[in-house]
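Read through the structure below, which is laid out as structure tokens, and then see the notes.
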Amino acid sequence: MARFKVVVCGGGIVGAEALLRLHSLCGDQLDVTLIEPAERFGYRPLAVLEAFDQRPTQSFPISQLVTSTGVRWLRDSLGWVDRARRDVHCAADTCLPYDALLLALGARELPLPEHVTGITDKD
């Protein structure tokens with residue numbers, strides 16, 4: 001019998017917490033795949049403290065999370081979801097079937113309106 005397939009899209013705080021909780025509750029009884037293109041996880045809201053604390057915001061390698069939880073890591077981003085067929089399609093044309101899907105995509109940064117100056121970590 002095939003194991004229950006869980007796909008987690010997003011390796012931010014919600015995705016990381018989900019992987020850790022699934023691992024603590026189910027161990028290796030599930031077939032879990034993480035879809036995340038980034039190599040590192042950082043908690044961006046704490047980055048505002050860098051100017052006052054003189055220390056850069058910590059970030060952690062996604063590989064460390066993947067190794068400690070035993071999940072499969074697909075370095076890609078979500079393309080679209082076929083809910084009827086229960087398939088996740090990635091940007092690079094990979095298709096993954098799932099029994100349970102967690103969309104932990106977080107927020108996305110939008111372009112600033114004209115005449116607005118912003119401070120971002122992407123400068």
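In the structure tokens, each chain is lettered A, B, ... as it comes, each chain's residues begin at 1, and ligands are numbered from 1 in order of appearance.
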Within 12 Å of Ile13 of chain A using only C-alpha atoms, minus same-chain residues under 5 positions, as an mmCIF file with C-alpha atoms, in the first residue's frame:
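Full text of result.cif as output:
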```cif
data_model
loop_
_atom_site.group_PDB
_atom_site.id
_atom_site.type_symbol
_atom_site.label_atom_id
_atom_site.label_comp_id
_atom_site.auth_asym_id
_atom_site.auth_seq_id
_atom_site.Cartn_x
_atom_site.Cartn_y
_atom_site.Cartn_z
ATOM 1 C CA VAL A 8 4.153 21.411 1.276
ATOM 2 C CA ALA A 18 4.520 22.143 9.256
ATOM 3 C CA LEU A 19 7.458 19.924 8.291
ATOM 4 C CA LEU A 20 8.731 19.836 11.871
ATOM 5 C CA ARG A 40 18.020 29.475 2.792
ATOM 6 C CA PHE A 41 15.223 30.300 5.205
ATOM 7 C CA GLY A 42 15.236 33.638 6.997
ATOM 8 C CA TYR A 43 12.595 35.377 9.052
ATOM 9 C CA ARG A 44 12.344 38.674 7.162
ATOM 10 C CA PRO A 45 10.307 40.649 9.736
ATOM 11 C CA SER A 59 19.160 32.525 8.093
ATOM 12 C CA PHE A 60 19.289 28.778 7.947
ATOM 13 C CA ILE A 62 16.744 24.628 3.855
ATOM 14 C CA LEU A 65 15.467 21.318 7.677
ATOM 15 C CA ALA A 104 2.407 28.013 2.723
ATOM 16 C CA LEU A 105 3.274 30.624 0.127
ATOM 17 C CA GLY A 106 3.483 33.643 2.414
ATOM 18 C CA ALA A 107 3.399 37.192 1.184
#
```
>> Which residues are close to Cys90 of chain A, i.e. within 10 Å by only C-alpha atoms, leaving aside same-chain residues fewer than 3 positions away? Reply as a PyMOL selection string.
In response: chain A and resi 9+35+74-81+87+93-96
>> Would you pick out the contacts of Arg21 of chain A at 12 Å or less, using only C-alpha atoms, so that residues sharing its chain but fewer than 6 positions from it are not included, and give the list as a PyMOL selection string?
In response: chain A and resi 14-15+27+32+65+68-69
>> as a list in words, please: the residues near Lys5 of chain A (cut-off 6 Å, only C-alpha atoms, same-chain neighbours under 2 positions excluded).
In response: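 My reading of the contact set: Asp31, Val32, Tyr98 and Asp99 of chain A.
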> Which of segment 30-99 of chain A counts as helix (DSSP H, G or I) under DSSP, as a ChimeraX atom specification please?
Replying inline: /A:44-53,62-69
> DSSP says strand (DSSP E) for which residues of segment 8-92 of chain A? Put them as a list of chain:residue names?
Replying inline: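 Strand (DSSP E) members of segment 8-92 of chain A, listed: A:Val8, A:Cys9, A:Asp31, A:Val32, A:Thr33, A:Leu34, A:Ile35, A:Arg40, A:Phe41, A:Gly42, A:Ser59, A:Phe60, A:Pro61, A:Arg72, A:Trp73, A:Leu74, A:Leu78, A:Gly79, A:Trp80, A:Val81, A:Asp82, A:Asp87, A:Val88, A:His89, A:Cys90.
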>> Please compute the atom CA of Ala51 of chain A-atom CA of Pro111 of chain A distance, one decimal, in Å.
In response: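 These atoms are spaced 23.3 Å apart.
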> So how far away is atom CA of Val71 of chain A from atom CA of Ala91 of chain A, in Å?
Replying inline: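 Taking atom CA of Ala91 of chain A and atom CA of Val71 of chain A, their separation equals 20.0 Å.
For Val7 of chain A, the non-local neighbours within 7 Å, defined as residues at least 5 positions apart in the same chain or in other chains and counting only C-alpha atoms, are Val32, Thr33, Leu34, Tyr98, Ala100, Leu101 and Leu102 of chain A.
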